[in-house]
>>> print(open('upload-v4.csv').read())   # CSV, C-alpha atoms and all ligand atoms
chain,number,residue,atom,x,y,z
K,2,MET,CA,35.6,-13.2,-13.6
K,3,ASN,CA,37.8,-10.6,-11.9
K,4,THR,CA,38.0,-11.1,-8.1
K,5,TYR,CA,39.3,-8.6,-5.6
K,6,LYS,CA,40.2,-9.2,-2.0
K,7,ILE,CA,38.9,-6.6,0.4
K,8,ALA,CA,39.7,-6.1,4.0
K,9,VAL,CA,36.5,-4.6,5.6
K,10,LEU,CA,37.3,-2.5,8.7
K,11,ALA,CA,33.9,-1.1,9.8
K,12,GLY,CA,35.2,0.3,13.1
K,13,ASP,CA,33.1,2.2,15.6
K,14,GLY,CA,30.1,4.5,15.9
K,15,ILE,CA,28.1,4.6,12.7
K,16,GLY,CA,30.8,2.7,10.9
K,17,PRO,CA,29.2,-0.8,11.0
K,18,GLU,CA,25.7,0.5,10.0
K,19,VAL,CA,26.8,2.5,7.0
K,20,MET,CA,29.3,-0.2,6.0
K,21,GLU,CA,26.4,-2.7,5.9
K,22,GLN,CA,24.7,-0.5,3.3
K,23,ALA,CA,27.9,0.0,1.2
K,24,LEU,CA,28.3,-3.8,1.1
K,25,ARG,CA,24.7,-4.3,0.0
K,26,VAL,CA,25.4,-1.8,-2.8
K,27,LEU,CA,28.6,-3.7,-3.6
K,28,ASP,CA,26.6,-7.0,-3.9
K,29,ALA,CA,24.3,-5.3,-6.4
K,30,ALA,CA,27.2,-3.8,-8.4
K,31,GLU,CA,28.9,-7.3,-8.5
K,32,ALA,CA,25.7,-8.9,-9.9
K,33,LYS,CA,25.2,-6.1,-12.4
K,34,PHE,CA,28.8,-5.7,-13.7
K,35,GLY,CA,30.1,-9.2,-13.4
K,36,PHE,CA,33.0,-9.1,-10.9
K,37,LYS,CA,33.5,-10.5,-7.4
K,38,THR,CA,35.0,-9.5,-4.1
K,39,GLU,CA,36.3,-11.7,-1.3
K,40,ARG,CA,35.7,-9.8,1.9
K,41,THR,CA,37.5,-10.3,5.3
K,42,SER,CA,36.0,-8.3,8.2
K,43,CYS,CA,38.4,-7.1,10.9
K,44,PHE,CA,38.4,-5.2,14.1
K,45,VAL,CA,39.8,-1.7,14.1
K,46,GLY,CA,39.8,1.4,16.3
K,47,GLY,CA,37.8,1.2,19.5
K,48,ALA,CA,36.5,-2.2,18.4
K,49,GLY,CA,40.2,-3.3,18.0
K,50,ILE,CA,41.0,-1.9,21.5
K,51,ASP,CA,38.1,-3.7,23.1
K,52,ASN,CA,38.5,-7.0,21.3
K,53,CYS,CA,42.2,-7.3,20.8
K,54,GLY,CA,43.9,-4.7,23.0
K,55,LYS,CA,44.9,-2.2,20.4
K,56,ALA,CA,43.5,0.1,17.7
K,57,LEU,CA,45.3,-1.7,14.9
K,58,PRO,CA,45.4,-5.4,15.9
K,59,ASP,CA,48.1,-7.6,14.2
K,60,ASP,CA,45.4,-9.8,12.6
K,61,THR,CA,43.8,-6.8,11.1
K,62,LEU,CA,47.1,-5.6,9.6
K,63,ALA,CA,47.8,-9.0,8.2
K,64,ALA,CA,44.4,-9.1,6.6
K,65,CYS,CA,45.0,-5.7,5.0
K,66,GLU,CA,48.4,-6.9,3.7
K,67,ALA,CA,46.7,-9.8,2.1
K,68,ALA,CA,44.1,-7.6,0.5
K,69,ASP,CA,43.9,-5.5,-2.7
K,70,ALA,CA,42.1,-2.7,-0.8
K,71,ILE,CA,40.9,-1.7,2.6
K,72,LEU,CA,37.3,-0.5,3.0
K,73,PHE,CA,37.3,1.5,6.2
K,74,GLY,CA,34.3,2.8,8.2
K,75,SER,CA,35.2,5.2,11.0
K,76,VAL,CA,36.9,5.0,14.3
K,77,GLY,CA,36.7,6.6,17.7
K,78,GLY,CA,34.2,7.6,20.3
K,79,PRO,CA,33.8,9.0,23.9
K,80,LYS,CA,34.6,5.5,25.3
K,81,TRP,CA,38.2,5.7,24.3
K,82,ASP,CA,38.8,9.5,24.6
K,83,THR,CA,40.6,9.1,27.9
K,84,LEU,CA,43.4,7.0,26.5
K,85,PRO,CA,46.7,8.6,25.7
K,86,PRO,CA,46.4,10.4,22.3
K,87,ALA,CA,48.8,8.0,20.5
K,88,GLU,CA,46.7,5.0,21.5
K,89,ARG,CA,43.3,6.4,20.7
K,90,PRO,CA,41.4,4.9,17.8
K,91,GLU,CA,42.0,7.7,15.4
K,92,ARG,CA,45.8,8.0,15.7
K,93,GLY,CA,46.4,4.5,16.7
K,94,ALA,CA,44.7,3.0,13.6
K,95,LEU,CA,44.7,5.5,10.8
K,96,LEU,CA,48.2,6.9,11.0
K,97,PRO,CA,50.0,3.5,11.2
K,98,LEU,CA,47.9,2.3,8.3
K,99,ARG,CA,48.9,5.3,6.2
K,100,LYS,CA,52.5,4.9,7.1
K,101,HIS,CA,52.7,1.1,6.7
K,102,PHE,CA,51.1,1.1,3.3
K,103,GLN,CA,52.7,4.4,2.2
K,104,LEU,CA,49.2,5.8,1.4
K,105,TYR,CA,50.7,9.1,0.2
K,106,ALA,CA,47.9,10.4,-2.0
K,107,ASN,CA,44.7,11.3,-0.3
K,108,LEU,CA,41.9,12.2,-2.7
K,109,ARG,CA,39.0,14.1,-1.1
K,110,PRO,CA,36.3,15.1,-3.5
K,111,GLY,CA,34.2,18.0,-2.3
K,112,ILE,CA,31.0,17.9,-4.3
K,113,CYS,CA,28.0,20.1,-3.5
K,114,LEU,CA,25.2,18.8,-5.6
K,115,ALA,CA,22.8,21.4,-7.1
K,116,GLU,CA,20.0,20.0,-5.0
K,117,LEU,CA,21.9,20.4,-1.8
K,118,THR,CA,23.1,23.9,-1.9
K,119,ASP,CA,20.6,24.8,0.8
K,120,ALA,CA,22.4,22.5,3.2
K,121,SER,CA,25.7,24.4,2.6
K,122,PRO,CA,26.6,27.2,5.1
K,123,VAL,CA,27.8,29.2,2.0
K,124,LYS,CA,25.2,31.6,0.6
K,125,ASN,CA,23.2,30.0,-2.2
K,126,SER,CA,23.9,33.0,-4.4
K,127,LEU,CA,27.6,32.2,-4.3
K,128,ILE,CA,27.2,28.6,-5.4
K,129,PRO,CA,24.6,28.4,-8.1
K,130,GLY,CA,24.3,24.9,-9.3
K,131,GLY,CA,26.7,23.6,-6.6
K,132,PHE,CA,30.4,22.9,-7.1
K,133,ASP,CA,32.8,20.1,-7.6
K,134,ILE,CA,36.3,20.3,-6.1
K,135,LEU,CA,38.9,17.6,-5.7
K,136,CYS,CA,41.5,18.1,-3.0
K,137,VAL,CA,44.7,16.0,-3.3
K,138,ARG,CA,46.3,15.9,0.1
K,139,GLU,CA,49.8,14.6,0.6
K,140,LEU,CA,49.3,12.0,3.4
K,141,THR,CA,52.6,10.5,4.6
K,142,GLY,CA,54.9,13.4,5.0
K,143,GLY,CA,55.1,16.8,6.6
K,144,MET,CA,54.6,17.5,10.3
K,145,TYR,CA,52.6,14.3,10.9
K,146,PHE,CA,55.6,12.1,10.5
K,147,GLY,CA,58.6,14.4,10.4
K,148,GLU,CA,61.5,13.7,12.7
K,149,PRO,CA,62.7,14.8,15.2
K,150,LYS,CA,59.7,15.1,17.4
K,151,PHE,CA,60.4,16.1,20.9
K,152,TYR,CA,58.6,17.0,24.1
K,153,GLY,CA,60.7,17.7,27.1
K,154,GLU,CA,63.2,19.9,28.8
K,155,ARG,CA,65.8,22.0,26.9
K,156,ASP,CA,67.9,24.7,28.5
K,157,GLY,CA,65.7,24.7,31.7
K,158,GLU,CA,62.5,25.1,29.8
K,159,ILE,CA,59.8,22.7,28.6
K,160,VAL,CA,59.7,22.7,24.9
K,161,ALA,CA,57.8,20.8,22.2
K,162,LEU,CA,58.9,20.3,18.6
K,163,ASP,CA,57.4,18.9,15.4
K,164,THR,CA,59.3,18.8,12.1
K,165,LEU,CA,57.9,19.8,8.8
K,166,PHE,CA,60.0,17.7,6.5
K,167,TYR,CA,59.6,16.8,2.8
K,168,LYS,CA,61.7,14.9,0.4
K,169,ARG,CA,61.7,16.2,-3.2
K,170,SER,CA,60.6,12.7,-4.3
K,171,GLU,CA,57.6,12.9,-2.0
K,172,VAL,CA,56.5,16.2,-3.6
K,173,GLU,CA,57.1,14.9,-7.1
K,174,ARG,CA,54.9,11.8,-6.7
K,175,ILE,CA,52.0,13.7,-5.2
K,176,ALA,CA,52.4,16.3,-8.0
K,177,HIS,CA,52.0,13.6,-10.6
K,178,VAL,CA,48.8,12.3,-8.9
K,179,ALA,CA,47.4,15.8,-8.8
K,180,PHE,CA,48.2,16.7,-12.4
K,181,LYS,CA,46.8,13.5,-13.7
K,182,ALA,CA,43.6,14.0,-11.7
K,183,ALA,CA,43.3,17.5,-13.2
K,184,GLN,CA,43.7,16.0,-16.7
K,185,GLY,CA,40.7,13.9,-16.1
K,186,ARG,CA,38.6,16.8,-14.9
K,187,ASN,CA,38.6,20.5,-15.8
K,188,LYS,CA,42.4,20.8,-16.2
K,189,LYS,CA,42.9,23.4,-13.5
K,190,LEU,CA,45.3,22.7,-10.7
K,191,CYS,CA,45.8,25.0,-7.7
K,192,SER,CA,48.8,24.2,-5.6
K,193,VAL,CA,48.4,25.5,-2.0
K,194,ASP,CA,51.5,26.3,0.0
K,195,LYS,CA,53.0,28.9,2.3
K,196,ALA,CA,56.1,29.7,0.2
K,197,ASN,CA,56.2,33.3,1.6
K,198,VAL,CA,57.2,31.8,5.0
K,199,LEU,CA,58.1,28.1,4.9
K,200,THR,CA,61.2,26.6,3.3
K,201,SER,CA,59.4,23.3,2.6
K,202,SER,CA,56.8,25.3,0.7
K,203,VAL,CA,59.5,26.9,-1.4
K,204,MET,CA,60.6,23.5,-2.6
K,205,TRP,CA,57.0,22.4,-3.0
K,206,ARG,CA,56.3,25.3,-5.4
K,207,GLU,CA,59.5,24.7,-7.3
K,208,VAL,CA,58.6,21.1,-7.8
K,209,MET,CA,55.1,21.9,-9.0
K,210,ASN,CA,56.5,24.4,-11.5
K,211,GLU,CA,59.1,22.0,-12.8
K,212,ILE,CA,56.6,19.2,-13.3
K,213,ALA,CA,53.9,21.4,-14.9
K,214,PRO,CA,55.4,21.3,-18.5
K,215,GLN,CA,54.8,17.5,-18.5
K,216,TYR,CA,51.1,18.3,-18.4
K,217,PRO,CA,50.8,21.2,-20.9
K,218,ASP,CA,47.0,20.8,-20.9
K,219,VAL,CA,46.7,21.6,-17.2
K,220,GLU,CA,46.7,25.2,-16.0
K,221,LEU,CA,48.8,25.4,-12.8
K,222,THR,CA,48.3,28.2,-10.3
K,223,HIS,CA,49.6,28.7,-6.8
K,224,MET,CA,47.9,30.1,-3.7
K,225,TYR,CA,49.0,30.7,-0.2
K,226,VAL,CA,47.2,28.5,2.3
K,227,ASP,CA,45.6,31.4,4.3
K,228,ASN,CA,44.2,32.8,1.1
K,229,ALA,CA,43.0,29.4,0.0
K,230,ALA,CA,41.1,29.0,3.3
K,231,MET,CA,39.4,32.3,2.5
K,232,GLN,CA,38.8,31.7,-1.1
K,233,LEU,CA,37.1,28.3,-0.4
K,234,VAL,CA,34.2,30.1,1.4
K,235,ARG,CA,34.3,33.2,-0.7
K,236,ASN,CA,34.1,31.5,-4.1
K,237,PRO,CA,34.5,27.7,-4.1
K,238,LYS,CA,33.5,27.5,-7.7
K,239,GLN,CA,36.9,28.8,-8.8
K,240,PHE,CA,38.5,25.5,-7.8
K,241,ASP,CA,38.9,22.4,-9.8
K,242,VAL,CA,41.7,20.3,-8.3
K,243,MET,CA,43.7,21.5,-5.3
K,244,VAL,CA,47.0,19.9,-4.2
K,245,THR,CA,48.6,20.5,-0.8
K,246,GLU,CA,50.8,19.2,1.9
K,247,ASN,CA,49.6,17.0,4.8
K,248,THR,CA,48.7,19.5,7.5
K,249,PHE,CA,47.3,22.2,5.2
K,250,GLY,CA,45.2,19.4,3.5
K,251,ASP,CA,43.9,18.2,6.8
K,252,ILE,CA,42.6,21.7,7.6
K,253,LEU,CA,41.4,22.7,4.2
K,254,THR,CA,39.5,19.4,3.6
K,255,ASP,CA,37.4,19.9,6.8
K,256,GLU,CA,36.5,23.3,5.5
K,257,MET,CA,35.8,22.0,2.1
K,258,ALA,CA,33.7,19.2,3.6
K,259,ILE,CA,31.4,21.5,5.5
K,260,ILE,CA,30.7,23.9,2.6
K,261,CYS,CA,29.5,20.9,0.7
K,262,GLY,CA,26.5,20.6,3.0
K,263,SER,CA,27.0,17.4,4.8
K,264,LEU,CA,30.0,15.3,5.9
K,265,GLY,CA,27.7,12.3,5.2
K,266,MET,CA,28.1,12.8,1.5
K,267,LEU,CA,31.9,12.8,1.1
K,268,PRO,CA,34.1,9.8,0.4
K,269,SER,CA,37.8,9.7,0.3
K,270,ALA,CA,40.6,7.5,-1.0
K,271,SER,CA,44.1,7.2,0.5
K,272,LEU,CA,46.3,5.7,-2.2
K,273,GLY,CA,49.7,4.0,-2.4
K,274,LYS,CA,51.4,1.6,-4.7
K,275,GLY,CA,49.4,-1.6,-5.5
K,276,LYS,CA,49.8,-4.5,-7.8
K,277,ASP,CA,50.4,-4.2,-11.6
K,278,GLY,CA,50.3,-0.4,-11.7
K,279,ALA,CA,47.0,-0.2,-9.8
K,280,PHE,CA,46.6,1.7,-6.5
K,281,PHE,CA,46.5,0.0,-3.2
K,282,GLY,CA,44.0,2.0,-1.2
K,283,LEU,CA,42.2,2.7,2.0
K,284,TYR,CA,38.8,4.0,1.2
K,285,GLU,CA,36.8,5.8,4.0
K,286,PRO,CA,34.1,8.4,4.5
K,287,SER,CA,35.3,11.9,5.3
K,288,GLY,CA,33.0,12.2,8.3
K,289,GLY,CA,33.8,10.6,11.7
K,290,SER,CA,32.1,7.9,13.7
K,291,ALA,CA,29.3,10.2,14.8
K,292,PRO,CA,28.8,8.5,18.2
K,293,ASP,CA,25.8,10.7,18.9
K,294,ILE,CA,23.7,9.1,16.2
K,295,ALA,CA,25.3,5.6,16.2
K,296,GLY,CA,23.0,2.6,16.4
K,297,LYS,CA,19.8,4.6,15.5
K,298,GLY,CA,19.7,3.7,11.9
K,299,ILE,CA,19.6,7.3,10.8
K,300,ALA,CA,23.2,7.9,9.6
K,301,ASN,CA,23.7,8.8,6.0
K,302,PRO,CA,25.4,5.9,4.2
K,303,ILE,CA,26.2,7.8,1.0
K,304,ALA,CA,29.8,8.7,2.0
K,305,GLN,CA,30.5,5.0,2.7
K,306,ILE,CA,28.8,3.9,-0.5
K,307,LEU,CA,30.8,6.5,-2.6
K,308,SER,CA,34.0,5.4,-0.8
K,309,MET,CA,33.3,1.9,-2.0
K,310,GLY,CA,32.8,3.3,-5.5
K,311,MET,CA,36.2,5.0,-5.3
K,312,MET,CA,37.7,1.6,-4.4
K,313,LEU,CA,36.1,0.1,-7.5
K,314,ARG,CA,37.6,2.9,-9.6
K,315,TYR,CA,41.1,3.2,-8.2
K,316,THR,CA,42.0,-0.2,-7.0
K,317,CYS,CA,39.8,-2.5,-9.1
K,318,GLY,CA,39.6,-0.6,-12.3
K,319,GLU,CA,35.9,-1.3,-12.5
K,320,THR,CA,35.2,2.1,-14.0
K,321,ALA,CA,31.7,1.3,-15.3
K,322,ALA,CA,30.5,0.1,-11.9
K,323,ALA,CA,32.1,3.1,-10.2
K,324,ASP,CA,30.4,5.5,-12.6
K,325,ALA,CA,27.1,3.7,-12.1
K,326,ILE,CA,27.3,4.1,-8.3
K,327,ASP,CA,28.1,7.8,-8.6
K,328,ALA,CA,25.2,8.2,-11.0
K,329,ALA,CA,22.8,6.2,-8.7
K,330,VAL,CA,23.7,8.5,-5.8
K,331,ARG,CA,23.0,11.6,-7.8
K,332,LYS,CA,19.7,10.1,-8.9
K,333,VAL,CA,18.4,9.4,-5.4
K,334,ILE,CA,19.3,12.9,-4.3
K,335,ALA,CA,17.6,14.3,-7.4
K,336,ALA,CA,14.6,12.2,-6.6
K,337,GLY,CA,14.4,13.8,-3.1
K,338,TYR,CA,15.7,11.0,-0.8
K,339,ARG,CA,17.1,12.6,2.3
K,340,THR,CA,18.6,11.3,5.5
K,341,GLY,CA,18.3,13.7,8.5
K,342,ASP,CA,21.7,15.5,7.8
K,343,LEU,CA,20.5,16.5,4.3
K,344,ALA,CA,16.9,17.4,5.1
K,345,THR,CA,15.8,21.0,4.9
K,346,GLY,CA,12.1,20.4,5.1
K,347,ALA,CA,11.6,21.4,1.5
K,348,ALA,CA,8.6,20.1,-0.4
K,349,GLY,CA,9.2,16.8,-2.2
K,350,GLU,CA,11.7,15.5,0.3
K,351,ILE,CA,11.5,11.8,1.0
K,352,ARG,CA,12.9,11.2,4.5
K,353,VAL,CA,14.7,7.9,4.9
K,354,GLY,CA,17.0,6.2,7.4
K,355,THR,CA,20.3,4.4,6.7
K,356,ALA,CA,18.8,1.3,5.2
K,357,GLY,CA,16.2,3.2,3.3
K,358,MET,CA,18.9,5.2,1.6
K,359,GLY,CA,20.8,2.0,0.8
K,360,ASP,CA,17.6,0.6,-0.7
K,361,ALA,CA,17.2,3.7,-2.8
K,362,VAL,CA,20.7,3.6,-4.2
K,363,ILE,CA,20.4,-0.1,-5.0
K,364,ALA,CA,17.1,0.5,-6.8
K,365,ALA,CA,18.7,3.4,-8.8
K,366,LEU,CA,21.6,1.2,-9.7
Q,1,LIG,C1,41.7,13.2,8.8
Q,1,LIG,C2,41.7,13.1,10.3
Q,1,LIG,C3,43.0,12.5,10.7
Q,1,LIG,C4,44.2,13.4,10.3
Q,1,LIG,C5,43.1,12.2,12.2
Q,1,LIG,C6,42.0,11.4,12.7
Q,1,LIG,C7,44.4,11.6,12.6
Q,1,LIG,O1,41.5,14.4,10.8
Q,1,LIG,O2,41.8,12.1,8.1
Q,1,LIG,O3,41.6,14.2,8.2
Q,1,LIG,O4,44.6,14.3,11.0
Q,1,LIG,O5,44.7,13.2,9.2
Q,2,MG,MG,41.1,15.9,9.3
>>> encode(input="upload-v4.csv", output="structure tokens")
Amino acid sequence: MNTYKIAVLAGDGIGPEVMEQALRVLDAAEAKFGFKTERTSCFVGGAGIDNCGKALPDDTLAACEAADAILFGSVGGPKWDTLPPAERPERGALLPLRKHFQLYANLRPGICLAELTDASPVKNSLIPGGFDILCVRELTGGMYFGEPKFYGERDGEIVALDTLFYKRSEVERIAHVAFKAAQGRNKKLCSVDKANVLTSSVMWREVMNEIAPQYPDVELTHMYVDNAAMQLVRNPKQFDVMVTENTFGDILTDEMAIICGSLGMLPSASLGKGKDGAFFGLYEPSGGSAPDIAGKGIANPIAQILSMGMMLRYTCGETAAADAIDAAVRKVIAAGYRTGDLATGAAGEIRVGTAGMGDAVIAAL
């Protein structure tokens, strides 16, 4: 029987409670599809700071290194907001993990199910039947990590500097991920850049164009990032796969997330090189730790459940199980199950809490 080692980093806020449901669904998937996981739970984020003195404790990093994948909850909360920015849970845990494991490809699906278009801030008439976008965000380059960084005095003035730096090879590898993703979907790839202003974007666009002939079945288009931000709310249905650099991707994926209706529905995968051609990955919900609703048992666990499903797909290669989890989630939404974030008060809605949603997904599975 195939066995996968998973580091479980539930983190803060709603992280532990939604993680509990994702692991229950994982138990059910293992029983049904005949594979196993060995799980190691570790502190991360605020829980890491409180228990071990830092957001990414050494033991946690060691457990991640020994694992095939990291299943991540969420980190951060008001308790740690007074720490210096670089030590806070978000930056102190996520960015080092991305860098350490070279998790260069961030896949963020933006799916608005037909039943949930009412929850989207975009007019229903613009998104009949919902939409399904995949944003591929480059995650280990660009301004986040570019050197030099500087904050200090120069020529008698205080100045601050970040560097938007990309190697060609970094653009090439994310391009291949994006083209391959498009091949598995509707074969449309929109590359988002700012080539009218930024030199790094000029290279980005050249690389995308050069690689395109290797994927003749995929239609490549280019869009400036300001226009892309507008097109996302004007007509999200025009997009299939988008690919973009780190900072643009950070901004566009928040916009994409909210037009889907609820952050509580969106998973993500941050992928790097794993064993035997598989991806090593960190799998996490797109939403945050939601401290305001933590501990109340009302958080939507679907994003965490779908993130676990992405782990089965991209790291474990358990495609049938991953497909079944996606289908189970669609089924419970179609059947009317709604946590508070999804509820609109429409007739036929079945209001559930975190565990109730977990139960429904397991039953559908
Ligand atoms: C995200 C987050 C992170 C980022 C923060 C928490 C460092 O916003 O994953 O999109 O900027 O990448
Ligand atoms: Mg972000």
>>> closest_atom_pairs(input="upload-v4.csv", of="chain K", to="ligand LIG 1 (chain Q)", cutoff="7 Å", atoms="all atoms listed in the file", output="Markdown table")
| residue | atom | partner | partner_atom | distance |
| --- | --- | --- | --- | --- |
| K:Glu91 | CA | Q:LIG1 | C6 | 4.6 |
| K:Arg92 | CA | Q:LIG1 | C7 | 5.0 |
| K:Leu95 | CA | Q:LIG1 | C7 | 6.4 |
| K:Leu96 | CA | Q:LIG1 | C7 | 6.3 |
| K:Asp251 | CA | Q:LIG1 | O3 | 4.8 |
>>> atom_distance(input="upload-v4.csv", atom1="CA of Ile259 (chain K)", atom2="CA of Leu108 (chain K)")
16.2 Å
>>> closest_atom_pairs(input="upload-v4.csv", of="chain K", to="ligand MG 2 (chain Q)", cutoff="8 Å", atoms="all atoms listed in the file", output="JSON lines")
{"residue": "K:Gly250", "atom": "CA", "partner": "Q:MG2", "partner_atom": "MG", "distance": 7.9}
{"residue": "K:Asp251", "atom": "CA", "partner": "Q:MG2", "partner_atom": "MG", "distance": 4.4}
{"residue": "K:Ile252", "atom": "CA", "partner": "Q:MG2", "partner_atom": "MG", "distance": 6.2}
{"residue": "K:Thr254", "atom": "CA", "partner": "Q:MG2", "partner_atom": "MG", "distance": 6.9}
{"residue": "K:Asp255", "atom": "CA", "partner": "Q:MG2", "partner_atom": "MG", "distance": 6.0}
>>> residues_near_point(input="upload-v4.csv", point="(46.8, 22.9, -11.5)", cutoff="7 Å", atoms="all atoms listed in the file", output="list of chain:residue names")
K:Phe180, K:Ala183, K:Lys188, K:Lys189, K:Leu190, K:Cys191, K:Ser192, K:Val219, K:Glu220, K:Leu221, K:Thr222, K:Val242
>>> atom_distance(input="upload-v4.csv", atom1="CA of Asn197 (chain K)", atom2="CA of Arg174 (chain K)")
23.1 Å
>>> closest_atom_pairs(input="upload-v4.csv", of="region 43-115 of chain K", to="region 129-142 of chain K", cutoff="6 Å", atoms="all atoms listed in the file", output="Markdown table")
| residue | atom | partner | partner_atom | distance |
| --- | --- | --- | --- | --- |
| K:Tyr105 | CA | K:Leu140 | CA | 4.5 |
| K:Ala106 | CA | K:Glu139 | CA | 5.3 |
| K:Asn107 | CA | K:Arg138 | CA | 4.9 |
| K:Leu108 | CA | K:Val137 | CA | 4.8 |
| K:Arg109 | CA | K:Cys136 | CA | 5.1 |
| K:Pro110 | CA | K:Leu135 | CA | 4.2 |
| K:Gly111 | CA | K:Ile134 | CA | 4.9 |
| K:Ile112 | CA | K:Asp133 | CA | 4.4 |
| K:Cys113 | CA | K:Gly131 | CA | 4.9 |
| K:Leu114 | CA | K:Gly131 | CA | 5.1 |
| K:Ala115 | CA | K:Gly130 | CA | 4.4 |
>>> closest_atom_pairs(input="upload-v4.csv", of="region 41-122 of chain K", to="region 340-343 of chain K", cutoff="12 Å", atoms="all atoms listed in the file", output="CSV")
residue,atom,partner,partner_atom,distance
K:Cys113,CA,K:Leu343,CA,11.4
K:Leu114,CA,K:Leu343,CA,11.2
K:Glu116,CA,K:Leu343,CA,9.9
K:Leu117,CA,K:Leu343,CA,7.4
K:Thr118,CA,K:Leu343,CA,10.0
K:Asp119,CA,K:Leu343,CA,9.0
K:Ala120,CA,K:Leu343,CA,6.4
K:Ser121,CA,K:Leu343,CA,9.6
>>> closest_residue(input="upload-v4.csv", among="K:Leu165, K:Ala321, K:Ala304, K:Leu24", to="Leu264 (chain K)", atoms="only C-alpha atoms")
K:Ala304
>>> closest_residue(input="upload-v4.csv", among="K:Pro268, K:Leu127, K:Thr248, K:Asp194", to="Asp163 (chain K)", atoms="all atoms listed in the file")
K:Thr248
>>> closest_residue(input="upload-v4.csv", among="K:Glu66, K:Glu207, K:Glu31, K:Asp59", to="Ala323 (chain K)", atoms="all atoms listed in the file")
K:Glu31
>>> closest_residue(input="upload-v4.csv", among="K:Thr345, K:Trp81, K:Leu27, K:Leu10", to="Asp60 (chain K)", atoms="only C-alpha atoms")
K:Leu10
>>> closest_residue(input="upload-v4.csv", among="K:Met204, K:Val45, K:Ala364, K:Ala213", to="Ala64 (chain K)", atoms="only C-alpha atoms")
K:Val45
>>> atom_distance(input="upload-v4.csv", atom1="CA of Asn3 (chain K)", atom2="CA of Glu319 (chain K)")
9.5 Å
